[in-house]
>>> print(open('my_file35.csv').read())   # CSV, N, CA and C atoms
chain,number,residue,atom,x,y,z
A,1,MET,N,0.7,10.7,7.5
A,1,MET,CA,1.5,9.9,6.6
A,1,MET,C,1.5,8.4,7.1
A,2,ILE,N,1.5,7.5,6.1
A,2,ILE,CA,1.6,6.1,6.4
A,2,ILE,C,2.9,5.6,5.8
A,3,THR,N,3.4,4.5,6.3
A,3,THR,CA,4.6,4.0,5.8
A,3,THR,C,4.3,2.6,5.1
A,4,LEU,N,4.8,2.5,3.9
A,4,LEU,CA,4.7,1.2,3.1
A,4,LEU,C,6.1,0.8,2.7
A,5,THR,N,6.2,-0.6,2.7
A,5,THR,CA,7.5,-1.2,2.3
A,5,THR,C,7.4,-1.9,1.0
A,6,ASP,N,8.3,-1.6,0.1
A,6,ASP,CA,8.2,-2.3,-1.2
A,6,ASP,C,9.0,-3.6,-1.1
A,7,VAL,N,9.1,-4.4,-2.2
A,7,VAL,CA,9.7,-5.7,-2.2
A,7,VAL,C,11.2,-5.6,-2.0
A,8,ASN,N,11.8,-4.5,-2.3
A,8,ASN,CA,13.2,-4.3,-2.0
A,8,ASN,C,13.5,-3.7,-0.7
A,9,ARG,N,12.5,-3.7,0.2
A,9,ARG,CA,12.6,-3.3,1.6
A,9,ARG,C,12.8,-1.8,1.7
A,10,ARG,N,12.5,-1.0,0.7
A,10,ARG,CA,12.6,0.5,0.8
A,10,ARG,C,11.3,1.0,1.3
A,11,GLN,N,11.4,1.9,2.2
A,11,GLN,CA,10.1,2.5,2.8
A,11,GLN,C,9.7,3.7,2.0
A,12,HIS,N,8.3,3.8,1.8
A,12,HIS,CA,7.7,4.9,1.2
A,12,HIS,C,6.7,5.5,2.1
A,13,TYR,N,6.7,6.8,2.2
A,13,TYR,CA,5.8,7.6,3.1
A,13,TYR,C,4.8,8.2,2.2
A,14,LEU,N,3.5,7.9,2.4
A,14,LEU,CA,2.5,8.5,1.6
A,14,LEU,C,1.4,9.2,2.4
A,15,ALA,N,0.9,10.2,1.9
A,15,ALA,CA,-0.2,10.9,2.5
A,15,ALA,C,-1.5,10.1,2.2
A,16,PRO,N,-2.3,9.9,3.1
A,16,PRO,CA,-3.6,9.1,2.8
A,16,PRO,C,-4.4,9.7,1.7
A,17,ALA,N,-4.4,11.0,1.5
A,17,ALA,CA,-5.1,11.6,0.4
A,17,ALA,C,-4.5,11.3,-0.9
A,18,ALA,N,-3.3,10.9,-1.0
A,18,ALA,CA,-2.7,10.6,-2.3
A,18,ALA,C,-3.0,9.2,-2.8
A,19,ILE,N,-3.6,8.3,-2.0
A,19,ILE,CA,-3.9,7.0,-2.4
A,19,ILE,C,-5.3,6.9,-3.0
A,20,ALA,N,-5.3,6.4,-4.2
A,20,ALA,CA,-6.5,6.2,-5.0
A,20,ALA,C,-7.2,4.9,-4.7
A,21,ARG,N,-6.3,3.8,-4.7
A,21,ARG,CA,-6.9,2.5,-4.6
A,21,ARG,C,-5.8,1.5,-4.0
A,22,VAL,N,-6.3,0.6,-3.2
A,22,VAL,CA,-5.5,-0.5,-2.7
A,22,VAL,C,-6.1,-1.8,-3.0
A,23,GLN,N,-5.4,-2.7,-3.6
A,23,GLN,CA,-5.9,-4.0,-3.9
A,23,GLN,C,-5.0,-5.2,-3.5
A,24,GLU,N,-5.6,-6.3,-3.1
A,24,GLU,CA,-4.8,-7.4,-2.7
A,24,GLU,C,-4.1,-8.0,-3.9
A,25,ALA,N,-2.9,-8.4,-3.7
A,25,ALA,CA,-2.1,-8.9,-4.8
A,25,ALA,C,-2.5,-10.3,-5.1
A,26,GLY,N,-2.3,-10.7,-6.4
A,26,GLY,CA,-2.6,-12.1,-6.8
A,26,GLY,C,-1.7,-13.1,-6.1
A,27,THR,N,-2.1,-14.4,-6.3
A,27,THR,CA,-1.3,-15.5,-5.7
A,27,THR,C,0.1,-15.5,-6.1
A,28,SER,N,0.4,-15.4,-7.4
A,28,SER,CA,1.8,-15.4,-7.8
A,28,SER,C,2.6,-14.2,-7.3
A,29,SER,N,2.0,-13.1,-7.2
A,29,SER,CA,2.7,-11.9,-6.6
A,29,SER,C,3.0,-12.1,-5.1
A,30,GLN,N,2.0,-12.7,-4.4
A,30,GLN,CA,2.2,-13.0,-3.0
A,30,GLN,C,3.3,-14.0,-2.8
A,31,TRP,N,3.5,-14.9,-3.6
A,31,TRP,CA,4.6,-15.9,-3.5
A,31,TRP,C,5.9,-15.1,-3.6
A,32,HIS,N,6.0,-14.0,-4.3
A,32,HIS,CA,7.2,-13.2,-4.4
A,32,HIS,C,7.3,-12.1,-3.3
A,33,GLY,N,6.4,-12.1,-2.3
A,33,GLY,CA,6.4,-11.2,-1.2
A,33,GLY,C,5.6,-9.9,-1.4
A,34,ILE,N,4.9,-9.8,-2.5
A,34,ILE,CA,4.0,-8.6,-2.7
A,34,ILE,C,2.7,-9.0,-2.1
A,35,CYS,N,2.2,-8.2,-1.1
A,35,CYS,CA,0.9,-8.5,-0.5
A,35,CYS,C,-0.2,-7.6,-1.0
A,36,ALA,N,0.2,-6.4,-1.5
A,36,ALA,CA,-0.8,-5.5,-2.0
A,36,ALA,C,-0.3,-4.6,-3.0
A,37,ILE,N,-1.2,-4.0,-3.8
A,37,ILE,CA,-0.8,-3.1,-4.9
A,37,ILE,C,-1.5,-1.8,-4.6
A,38,VAL,N,-0.7,-0.7,-4.5
A,38,VAL,CA,-1.3,0.6,-4.1
A,38,VAL,C,-1.2,1.5,-5.4
A,39,HIS,N,-2.3,2.1,-5.7
A,39,HIS,CA,-2.3,3.0,-6.9
A,39,HIS,C,-2.5,4.4,-6.3
A,40,THR,N,-1.7,5.4,-6.7
A,40,THR,CA,-1.9,6.8,-6.2
A,40,THR,C,-2.6,7.6,-7.3
A,41,PHE,N,-3.1,8.8,-6.9
A,41,PHE,CA,-3.7,9.7,-7.8
A,41,PHE,C,-2.8,10.2,-8.9
A,42,ASP,N,-1.5,10.3,-8.6
A,42,ASP,CA,-0.6,10.8,-9.7
A,42,ASP,C,-0.1,9.7,-10.6
A,43,GLY,N,-0.7,8.5,-10.5
A,43,GLY,CA,-0.4,7.4,-11.5
A,43,GLY,C,0.7,6.4,-11.0
A,44,GLN,N,1.3,6.6,-9.9
A,44,GLN,CA,2.3,5.6,-9.4
A,44,GLN,C,1.6,4.4,-9.0
A,45,VAL,N,2.3,3.3,-9.1
A,45,VAL,CA,1.9,2.0,-8.6
A,45,VAL,C,3.0,1.4,-7.8
A,46,LEU,N,2.6,1.1,-6.5
A,46,LEU,CA,3.6,0.5,-5.6
A,46,LEU,C,3.2,-0.9,-5.2
A,47,GLU,N,4.1,-1.8,-5.4
A,47,GLU,CA,3.9,-3.2,-4.9
A,47,GLU,C,4.5,-3.3,-3.5
A,48,VAL,N,3.7,-3.6,-2.5
A,48,VAL,CA,4.2,-3.5,-1.2
A,48,VAL,C,4.0,-4.8,-0.4
A,49,ARG,N,4.7,-4.9,0.7
A,49,ARG,CA,4.7,-6.0,1.6
A,49,ARG,C,3.5,-6.1,2.6
A,50,GLU,N,2.9,-4.9,2.9
A,50,GLU,CA,1.8,-4.9,3.8
A,50,GLU,C,0.5,-5.4,3.1
A,51,ARG,N,-0.4,-6.0,3.9
A,51,ARG,CA,-1.6,-6.5,3.4
A,51,ARG,C,-2.6,-5.4,3.1
A,52,ALA,N,-3.4,-5.6,2.1
A,52,ALA,CA,-4.4,-4.5,1.7
A,52,ALA,C,-5.3,-4.2,2.9
A,53,ALA,N,-5.7,-5.2,3.7
A,53,ALA,CA,-6.6,-4.9,4.9
A,53,ALA,C,-5.8,-4.0,5.9
A,54,ASP,N,-4.6,-4.3,6.1
A,54,ASP,CA,-3.8,-3.5,7.0
A,54,ASP,C,-3.6,-2.1,6.6
A,55,ILE,N,-3.4,-1.9,5.3
A,55,ILE,CA,-3.3,-0.5,4.7
A,55,ILE,C,-4.6,0.2,4.8
A,56,ALA,N,-5.7,-0.5,4.6
A,56,ALA,CA,-7.0,0.2,4.7
A,56,ALA,C,-7.3,0.6,6.1
A,57,GLN,N,-6.8,-0.2,7.1
A,57,GLN,CA,-7.0,0.1,8.5
A,57,GLN,C,-6.2,1.3,8.8
A,58,GLN,N,-4.9,1.4,8.3
A,58,GLN,CA,-4.1,2.6,8.6
A,58,GLN,C,-4.7,3.8,8.0
A,59,LEU,N,-5.3,3.7,6.8
A,59,LEU,CA,-5.9,4.9,6.1
A,59,LEU,C,-7.1,5.3,6.9
A,60,ASN,N,-7.9,4.4,7.4
A,60,ASN,CA,-9.1,4.8,8.2
A,60,ASN,C,-8.7,5.5,9.5
A,61,MET,N,-7.7,5.0,10.1
A,61,MET,CA,-7.2,5.6,11.3
A,61,MET,C,-6.7,7.0,11.1
A,62,ARG,N,-5.9,7.2,10.0
A,62,ARG,CA,-5.3,8.5,9.7
A,62,ARG,C,-6.4,9.5,9.3
A,63,ARG,N,-7.4,9.1,8.6
A,63,ARG,CA,-8.4,10.1,8.2
A,63,ARG,C,-9.3,10.5,9.3
A,64,THR,N,-9.4,9.8,10.4
A,64,THR,CA,-10.3,10.2,11.5
A,64,THR,C,-9.5,11.0,12.5
A,65,GLU,N,-8.2,11.0,12.4
A,65,GLU,CA,-7.4,11.7,13.5
A,65,GLU,C,-7.5,13.2,13.2
>>> encode(input="my_file35.csv", output="structure tokens")
Amino acid sequence: MITLTDVNRRQHYLAPAAIARVQEAGTSSQWHGICAIVHTFDGQVLEVRERAADIAQQLNMRRTE
């Protein structure tokens, strides 16, 4: 499981297999504290404070363990 924090500082715990796509947030979203947008296979969209590159690194580490 990886931990992601949304803009309201709530933590979300996700299984790496549940994540379909991670993208870097746009400039205006980043100004509001959203660094990445995470799409899950069940259709949820999370706007999180972690950077997309950091999330990708966490996913790669979890999948190889």
>>> residues_around(input="my_file35.csv", residues="Gln23 in chain A", least_positions_apart="4", cutoff="8 Å", atoms="only C-alpha atoms", output="list of chain:residue names")
A:Ala36, A:Ile37, A:Val38, A:Ala52
>>> write_last_selection(input="my_file35.csv", atoms="N, CA and C atoms", output="CSV table (one decimal), in the frame of the given file")
chain,number,residue,atom,x,y,z
A,36,ALA,N,0.2,-6.4,-1.5
A,36,ALA,CA,-0.8,-5.5,-2.0
A,36,ALA,C,-0.3,-4.6,-3.0
A,37,ILE,N,-1.2,-4.0,-3.8
A,37,ILE,CA,-0.8,-3.1,-4.9
A,37,ILE,C,-1.5,-1.8,-4.6
A,38,VAL,N,-0.7,-0.7,-4.5
A,38,VAL,CA,-1.3,0.6,-4.1
A,38,VAL,C,-1.2,1.5,-5.4
A,52,ALA,N,-3.4,-5.6,2.1
A,52,ALA,CA,-4.4,-4.5,1.7
A,52,ALA,C,-5.3,-4.2,2.9
>>> select_by_dssp(input="my_file35.csv", residues="range 4-41 of chain A", states="alpha helix (DSSP H)", output="MDAnalysis selection string")
chainID A and resid 27:31
>>> write_last_selection(input="my_file35.csv", atoms="N, CA and C atoms", output="mmCIF file, in the coordinates of the input")
data_model
loop_
_atom_site.group_PDB
_atom_site.id
_atom_site.type_symbol
_atom_site.label_atom_id
_atom_site.label_comp_id
_atom_site.auth_asym_id
_atom_site.auth_seq_id
_atom_site.Cartn_x
_atom_site.Cartn_y
_atom_site.Cartn_z
ATOM 1 N N THR A 27 -2.100 -14.400 -6.300
ATOM 2 C CA THR A 27 -1.300 -15.500 -5.700
ATOM 3 C C THR A 27 0.100 -15.500 -6.100
ATOM 4 N N SER A 28 0.400 -15.400 -7.400
ATOM 5 C CA SER A 28 1.800 -15.400 -7.800
ATOM 6 C C SER A 28 2.600 -14.200 -7.300
ATOM 7 N N SER A 29 2.000 -13.100 -7.200
ATOM 8 C CA SER A 29 2.700 -11.900 -6.600
ATOM 9 C C SER A 29 3.000 -12.100 -5.100
ATOM 10 N N GLN A 30 2.000 -12.700 -4.400
ATOM 11 C CA GLN A 30 2.200 -13.000 -3.000
ATOM 12 C C GLN A 30 3.300 -14.000 -2.800
ATOM 13 N N TRP A 31 3.500 -14.900 -3.600
ATOM 14 C CA TRP A 31 4.600 -15.900 -3.500
ATOM 15 C C TRP A 31 5.900 -15.100 -3.600
#
>>> select_by_dssp(input="my_file35.csv", residues="chain A", states="strand (DSSP E)", output="ChimeraX atom specification")
/A:2-5,11-14,19-24,36-40,45-48
>>> write_last_selection(input="my_file35.csv", atoms="N, CA and C atoms", output="compact mmCIF listing (two decimals), in the coordinates of the input")
# COMPACT_ATOMS: atom_id res chain seq x y z
N ILE A 2 1.50 7.50 6.10
CA ILE A 2 1.60 6.10 6.40
C ILE A 2 2.90 5.60 5.80
N THR A 3 3.40 4.50 6.30
CA THR A 3 4.60 4.00 5.80
C THR A 3 4.30 2.60 5.10
N LEU A 4 4.80 2.50 3.90
CA LEU A 4 4.70 1.20 3.10
C LEU A 4 6.10 0.80 2.70
N THR A 5 6.20 -0.60 2.70
CA THR A 5 7.50 -1.20 2.30
C THR A 5 7.40 -1.90 1.00
N GLN A 11 11.40 1.90 2.20
CA GLN A 11 10.10 2.50 2.80
C GLN A 11 9.70 3.70 2.00
N HIS A 12 8.30 3.80 1.80
CA HIS A 12 7.70 4.90 1.20
C HIS A 12 6.70 5.50 2.10
N TYR A 13 6.70 6.80 2.20
CA TYR A 13 5.80 7.60 3.10
C TYR A 13 4.80 8.20 2.20
N LEU A 14 3.50 7.90 2.40
CA LEU A 14 2.50 8.50 1.60
C LEU A 14 1.40 9.20 2.40
N ILE A 19 -3.60 8.30 -2.00
CA ILE A 19 -3.90 7.00 -2.40
C ILE A 19 -5.30 6.90 -3.00
N ALA A 20 -5.30 6.40 -4.20
CA ALA A 20 -6.50 6.20 -5.00
C ALA A 20 -7.20 4.90 -4.70
N ARG A 21 -6.30 3.80 -4.70
CA ARG A 21 -6.90 2.50 -4.60
C ARG A 21 -5.80 1.50 -4.00
N VAL A 22 -6.30 0.60 -3.20
CA VAL A 22 -5.50 -0.50 -2.70
C VAL A 22 -6.10 -1.80 -3.00
N GLN A 23 -5.40 -2.70 -3.60
CA GLN A 23 -5.90 -4.00 -3.90
C GLN A 23 -5.00 -5.20 -3.50
N GLU A 24 -5.60 -6.30 -3.10
CA GLU A 24 -4.80 -7.40 -2.70
C GLU A 24 -4.10 -8.00 -3.90
N ALA A 36 0.20 -6.40 -1.50
CA ALA A 36 -0.80 -5.50 -2.00
C ALA A 36 -0.30 -4.60 -3.00
N ILE A 37 -1.20 -4.00 -3.80
CA ILE A 37 -0.80 -3.10 -4.90
C ILE A 37 -1.50 -1.80 -4.60
N VAL A 38 -0.70 -0.70 -4.50
CA VAL A 38 -1.30 0.60 -4.10
C VAL A 38 -1.20 1.50 -5.40
N HIS A 39 -2.30 2.10 -5.70
CA HIS A 39 -2.30 3.00 -6.90
C HIS A 39 -2.50 4.40 -6.30
N THR A 40 -1.70 5.40 -6.70
CA THR A 40 -1.90 6.80 -6.20
C THR A 40 -2.60 7.60 -7.30
N VAL A 45 2.30 3.30 -9.10
CA VAL A 45 1.90 2.00 -8.60
C VAL A 45 3.00 1.40 -7.80
N LEU A 46 2.60 1.10 -6.50
CA LEU A 46 3.60 0.50 -5.60
C LEU A 46 3.20 -0.90 -5.20
N GLU A 47 4.10 -1.80 -5.40
CA GLU A 47 3.90 -3.20 -4.90
C GLU A 47 4.50 -3.30 -3.50
N VAL A 48 3.70 -3.60 -2.50
CA VAL A 48 4.20 -3.50 -1.20
C VAL A 48 4.00 -4.80 -0.40
>>> closest_residue(input="my_file35.csv", among="A:Ala20, A:Val45, A:Ile34, A:Leu59", to="Val7 in chain A", atoms="only N, CA and C atoms")
A:Ile34
>>> closest_residue(input="my_file35.csv", among="A:Thr40, A:Ala15, A:His32, A:Val22", to="Ile55 in chain A", atoms="only C-alpha atoms")
A:Val22
>>> closest_residue(input="my_file35.csv", among="A:Arg21, A:Pro16, A:Gln57, A:Gly33", to="Ile2 in chain A", atoms="only N, CA and C atoms")
A:Pro16
>>> residues_around(input="my_file35.csv", residues="Cys35 in chain A", least_positions_apart="6", cutoff="10 Å", atoms="only C-alpha atoms", output="ChimeraX atom specification")
/A:6-7,23-27,29,47-53
>>> write_last_selection(input="my_file35.csv", atoms="N, CA and C atoms", output="short mmCIF file (atom, residue, chain, number, x, y, z; two decimals), in the coordinates of the input")
data_model
loop_
_atom_site.label_atom_id
_atom_site.label_comp_id
_atom_site.auth_asym_id
_atom_site.auth_seq_id
_atom_site.Cartn_x
_atom_site.Cartn_y
_atom_site.Cartn_z
N ASP A 6 8.30 -1.60 0.10
CA ASP A 6 8.20 -2.30 -1.20
C ASP A 6 9.00 -3.60 -1.10
N VAL A 7 9.10 -4.40 -2.20
CA VAL A 7 9.70 -5.70 -2.20
C VAL A 7 11.20 -5.60 -2.00
N GLN A 23 -5.40 -2.70 -3.60
CA GLN A 23 -5.90 -4.00 -3.90
C GLN A 23 -5.00 -5.20 -3.50
N GLU A 24 -5.60 -6.30 -3.10
CA GLU A 24 -4.80 -7.40 -2.70
C GLU A 24 -4.10 -8.00 -3.90
N ALA A 25 -2.90 -8.40 -3.70
CA ALA A 25 -2.10 -8.90 -4.80
C ALA A 25 -2.50 -10.30 -5.10
N GLY A 26 -2.30 -10.70 -6.40
CA GLY A 26 -2.60 -12.10 -6.80
C GLY A 26 -1.70 -13.10 -6.10
N THR A 27 -2.10 -14.40 -6.30
CA THR A 27 -1.30 -15.50 -5.70
C THR A 27 0.10 -15.50 -6.10
N SER A 29 2.00 -13.10 -7.20
CA SER A 29 2.70 -11.90 -6.60
C SER A 29 3.00 -12.10 -5.10
N GLU A 47 4.10 -1.80 -5.40
CA GLU A 47 3.90 -3.20 -4.90
C GLU A 47 4.50 -3.30 -3.50
N VAL A 48 3.70 -3.60 -2.50
CA VAL A 48 4.20 -3.50 -1.20
C VAL A 48 4.00 -4.80 -0.40
N ARG A 49 4.70 -4.90 0.70
CA ARG A 49 4.70 -6.00 1.60
C ARG A 49 3.50 -6.10 2.60
N GLU A 50 2.90 -4.90 2.90
CA GLU A 50 1.80 -4.90 3.80
C GLU A 50 0.50 -5.40 3.10
N ARG A 51 -0.40 -6.00 3.90
CA ARG A 51 -1.60 -6.50 3.40
C ARG A 51 -2.60 -5.40 3.10
N ALA A 52 -3.40 -5.60 2.10
CA ALA A 52 -4.40 -4.50 1.70
C ALA A 52 -5.30 -4.20 2.90
N ALA A 53 -5.70 -5.20 3.70
CA ALA A 53 -6.60 -4.90 4.90
C ALA A 53 -5.80 -4.00 5.90
#
>>> atom_distance(input="my_file35.csv", atom1="atom C of Ile19 in chain A", atom2="atom N of Gly43 in chain A")
8.9 Å
>>> atom_distance(input="my_file35.csv", atom1="CA of Gln44 in chain A", atom2="atom N of Arg10 in chain A")
15.8 Å
>>> atom_distance(input="my_file35.csv", atom1="atom C of Trp31 in chain A", atom2="CA of Ala17 in chain A")
29.2 Å
>>> decode(input="my_file35.csv", residues="range 16-51 of chain A", atoms="N, CA and C atoms", output="PDB file, in the first residue's frame")
ATOM      1  N   PRO A  16      -1.068  -0.463  -5.018  1.00  0.00           N
ATOM      2  CA  PRO A  16      -0.482  -0.078  -6.304  1.00  0.00           C
ATOM      3  C   PRO A  16      -1.258  -0.624  -7.507  1.00  0.00           C
ATOM      4  N   ALA A  17      -1.840  -1.813  -7.369  1.00  0.00           N
ATOM      5  CA  ALA A  17      -2.594  -2.414  -8.473  1.00  0.00           C
ATOM      6  C   ALA A  17      -3.894  -1.662  -8.774  1.00  0.00           C
ATOM      7  N   ALA A  18      -4.351  -0.824  -7.853  1.00  0.00           N
ATOM      8  CA  ALA A  18      -5.590  -0.070  -8.053  1.00  0.00           C
ATOM      9  C   ALA A  18      -5.387   1.212  -8.853  1.00  0.00           C
ATOM     10  N   ILE A  19      -4.146   1.634  -9.026  1.00  0.00           N
ATOM     11  CA  ILE A  19      -3.858   2.906  -9.688  1.00  0.00           C
ATOM     12  C   ILE A  19      -3.707   2.699 -11.194  1.00  0.00           C
ATOM     13  N   ALA A  20      -4.549   3.390 -11.947  1.00  0.00           N
ATOM     14  CA  ALA A  20      -4.524   3.284 -13.399  1.00  0.00           C
ATOM     15  C   ALA A  20      -3.581   4.302 -14.027  1.00  0.00           C
ATOM     16  N   ARG A  21      -3.590   5.530 -13.490  1.00  0.00           N
ATOM     17  CA  ARG A  21      -2.793   6.593 -14.107  1.00  0.00           C
ATOM     18  C   ARG A  21      -2.477   7.671 -13.083  1.00  0.00           C
ATOM     19  N   VAL A  22      -1.283   8.248 -13.211  1.00  0.00           N
ATOM     20  CA  VAL A  22      -0.866   9.383 -12.384  1.00  0.00           C
ATOM     21  C   VAL A  22      -0.380  10.466 -13.325  1.00  0.00           C
ATOM     22  N   GLN A  23      -0.885  11.678 -13.145  1.00  0.00           N
ATOM     23  CA  GLN A  23      -0.433  12.777 -13.995  1.00  0.00           C
ATOM     24  C   GLN A  23      -0.105  13.995 -13.157  1.00  0.00           C
ATOM     25  N   GLU A  24       0.862  14.754 -13.641  1.00  0.00           N
ATOM     26  CA  GLU A  24       1.249  15.998 -12.976  1.00  0.00           C
ATOM     27  C   GLU A  24       0.100  16.995 -13.112  1.00  0.00           C
ATOM     28  N   ALA A  25      -0.207  17.686 -12.034  1.00  0.00           N
ATOM     29  CA  ALA A  25      -1.286  18.677 -12.051  1.00  0.00           C
ATOM     30  C   ALA A  25      -0.854  19.910 -12.837  1.00  0.00           C
ATOM     31  N   GLY A  26      -1.825  20.628 -13.350  1.00  0.00           N
ATOM     32  CA  GLY A  26      -1.549  21.860 -14.080  1.00  0.00           C
ATOM     33  C   GLY A  26      -1.094  22.970 -13.154  1.00  0.00           C
ATOM     34  N   THR A  27      -0.649  24.051 -13.742  1.00  0.00           N
ATOM     35  CA  THR A  27      -0.095  25.170 -12.989  1.00  0.00           C
ATOM     36  C   THR A  27      -1.085  25.748 -11.986  1.00  0.00           C
ATOM     37  N   SER A  28      -2.332  25.964 -12.396  1.00  0.00           N
ATOM     38  CA  SER A  28      -3.307  26.559 -11.479  1.00  0.00           C
ATOM     39  C   SER A  28      -3.633  25.605 -10.340  1.00  0.00           C
ATOM     40  N   SER A  29      -3.677  24.307 -10.600  1.00  0.00           N
ATOM     41  CA  SER A  29      -3.915  23.331  -9.538  1.00  0.00           C
ATOM     42  C   SER A  29      -2.746  23.301  -8.569  1.00  0.00           C
ATOM     43  N   GLN A  30      -1.535  23.390  -9.092  1.00  0.00           N
ATOM     44  CA  GLN A  30      -0.351  23.384  -8.233  1.00  0.00           C
ATOM     45  C   GLN A  30      -0.342  24.606  -7.324  1.00  0.00           C
ATOM     46  N   TRP A  31      -0.837  25.718  -7.812  1.00  0.00           N
ATOM     47  CA  TRP A  31      -0.911  26.925  -6.996  1.00  0.00           C
ATOM     48  C   TRP A  31      -1.803  26.692  -5.780  1.00  0.00           C
ATOM     49  N   HIS A  32      -2.804  25.800  -5.931  1.00  0.00           N
ATOM     50  CA  HIS A  32      -3.730  25.479  -4.838  1.00  0.00           C
ATOM     51  C   HIS A  32      -3.245  24.297  -3.996  1.00  0.00           C
ATOM     52  N   GLY A  33      -2.041  23.797  -4.269  1.00  0.00           N
ATOM     53  CA  GLY A  33      -1.475  22.735  -3.458  1.00  0.00           C
ATOM     54  C   GLY A  33      -1.659  21.332  -4.004  1.00  0.00           C
ATOM     55  N   ILE A  34      -2.267  21.216  -5.183  1.00  0.00           N
ATOM     56  CA  ILE A  34      -2.451  19.915  -5.809  1.00  0.00           C
ATOM     57  C   ILE A  34      -1.258  19.670  -6.724  1.00  0.00           C
ATOM     58  N   CYS A  35      -0.482  18.638  -6.421  1.00  0.00           N
ATOM     59  CA  CYS A  35       0.720  18.366  -7.213  1.00  0.00           C
ATOM     60  C   CYS A  35       0.510  17.283  -8.254  1.00  0.00           C
ATOM     61  N   ALA A  36      -0.438  16.370  -8.012  1.00  0.00           N
ATOM     62  CA  ALA A  36      -0.680  15.282  -8.962  1.00  0.00           C
ATOM     63  C   ALA A  36      -2.142  14.865  -8.915  1.00  0.00           C
ATOM     64  N   ILE A  37      -2.578  14.254 -10.002  1.00  0.00           N
ATOM     65  CA  ILE A  37      -3.933  13.720 -10.095  1.00  0.00           C
ATOM     66  C   ILE A  37      -3.806  12.225 -10.327  1.00  0.00           C
ATOM     67  N   VAL A  38      -4.440  11.446  -9.455  1.00  0.00           N
ATOM     68  CA  VAL A  38      -4.351   9.987  -9.503  1.00  0.00           C
ATOM     69  C   VAL A  38      -5.708   9.430  -9.924  1.00  0.00           C
ATOM     70  N   HIS A  39      -5.703   8.611 -10.963  1.00  0.00           N
ATOM     71  CA  HIS A  39      -6.911   7.946 -11.452  1.00  0.00           C
ATOM     72  C   HIS A  39      -6.828   6.473 -11.083  1.00  0.00           C
ATOM     73  N   THR A  40      -7.894   5.937 -10.504  1.00  0.00           N
ATOM     74  CA  THR A  40      -7.902   4.522 -10.136  1.00  0.00           C
ATOM     75  C   THR A  40      -8.748   3.740 -11.143  1.00  0.00           C
ATOM     76  N   PHE A  41      -8.569   2.427 -11.135  1.00  0.00           N
ATOM     77  CA  PHE A  41      -9.311   1.573 -12.063  1.00  0.00           C
ATOM     78  C   PHE A  41     -10.805   1.567 -11.783  1.00  0.00           C
ATOM     79  N   ASP A  42     -11.227   1.901 -10.551  1.00  0.00           N
ATOM     80  CA  ASP A  42     -12.657   1.937 -10.250  1.00  0.00           C
ATOM     81  C   ASP A  42     -13.289   3.301 -10.531  1.00  0.00           C
ATOM     82  N   GLY A  43     -12.515   4.209 -11.156  1.00  0.00           N
ATOM     83  CA  GLY A  43     -13.072   5.489 -11.589  1.00  0.00           C
ATOM     84  C   GLY A  43     -12.867   6.653 -10.636  1.00  0.00           C
ATOM     85  N   GLN A  44     -12.276   6.435  -9.495  1.00  0.00           N
ATOM     86  CA  GLN A  44     -12.037   7.538  -8.562  1.00  0.00           C
ATOM     87  C   GLN A  44     -10.907   8.421  -9.074  1.00  0.00           C
ATOM     88  N   VAL A  45     -10.994   9.688  -8.755  1.00  0.00           N
ATOM     89  CA  VAL A  45      -9.949  10.649  -9.098  1.00  0.00           C
ATOM     90  C   VAL A  45      -9.543  11.351  -7.809  1.00  0.00           C
ATOM     91  N   LEU A  46      -8.255  11.264  -7.477  1.00  0.00           N
ATOM     92  CA  LEU A  46      -7.737  11.902  -6.271  1.00  0.00           C
ATOM     93  C   LEU A  46      -6.781  13.014  -6.654  1.00  0.00           C
ATOM     94  N   GLU A  47      -6.988  14.184  -6.084  1.00  0.00           N
ATOM     95  CA  GLU A  47      -6.059  15.303  -6.261  1.00  0.00           C
ATOM     96  C   GLU A  47      -5.192  15.325  -5.011  1.00  0.00           C
ATOM     97  N   VAL A  48      -3.901  15.069  -5.194  1.00  0.00           N
ATOM     98  CA  VAL A  48      -3.033  14.840  -4.033  1.00  0.00           C
ATOM     99  C   VAL A  48      -1.865  15.814  -3.990  1.00  0.00           C
ATOM    100  N   ARG A  49      -1.244  15.896  -2.817  1.00  0.00           N
ATOM    101  CA  ARG A  49      -0.128  16.809  -2.576  1.00  0.00           C
ATOM    102  C   ARG A  49       1.213  16.249  -3.036  1.00  0.00           C
ATOM    103  N   GLU A  50       1.327  14.927  -3.185  1.00  0.00           N
ATOM    104  CA  GLU A  50       2.587  14.336  -3.628  1.00  0.00           C
ATOM    105  C   GLU A  50       2.801  14.588  -5.115  1.00  0.00           C
ATOM    106  N   ARG A  51       4.065  14.710  -5.514  1.00  0.00           N
ATOM    107  CA  ARG A  51       4.390  14.916  -6.926  1.00  0.00           C
ATOM    108  C   ARG A  51       4.227  13.613  -7.694  1.00  0.00           C
TER     109      ARG A  51
END
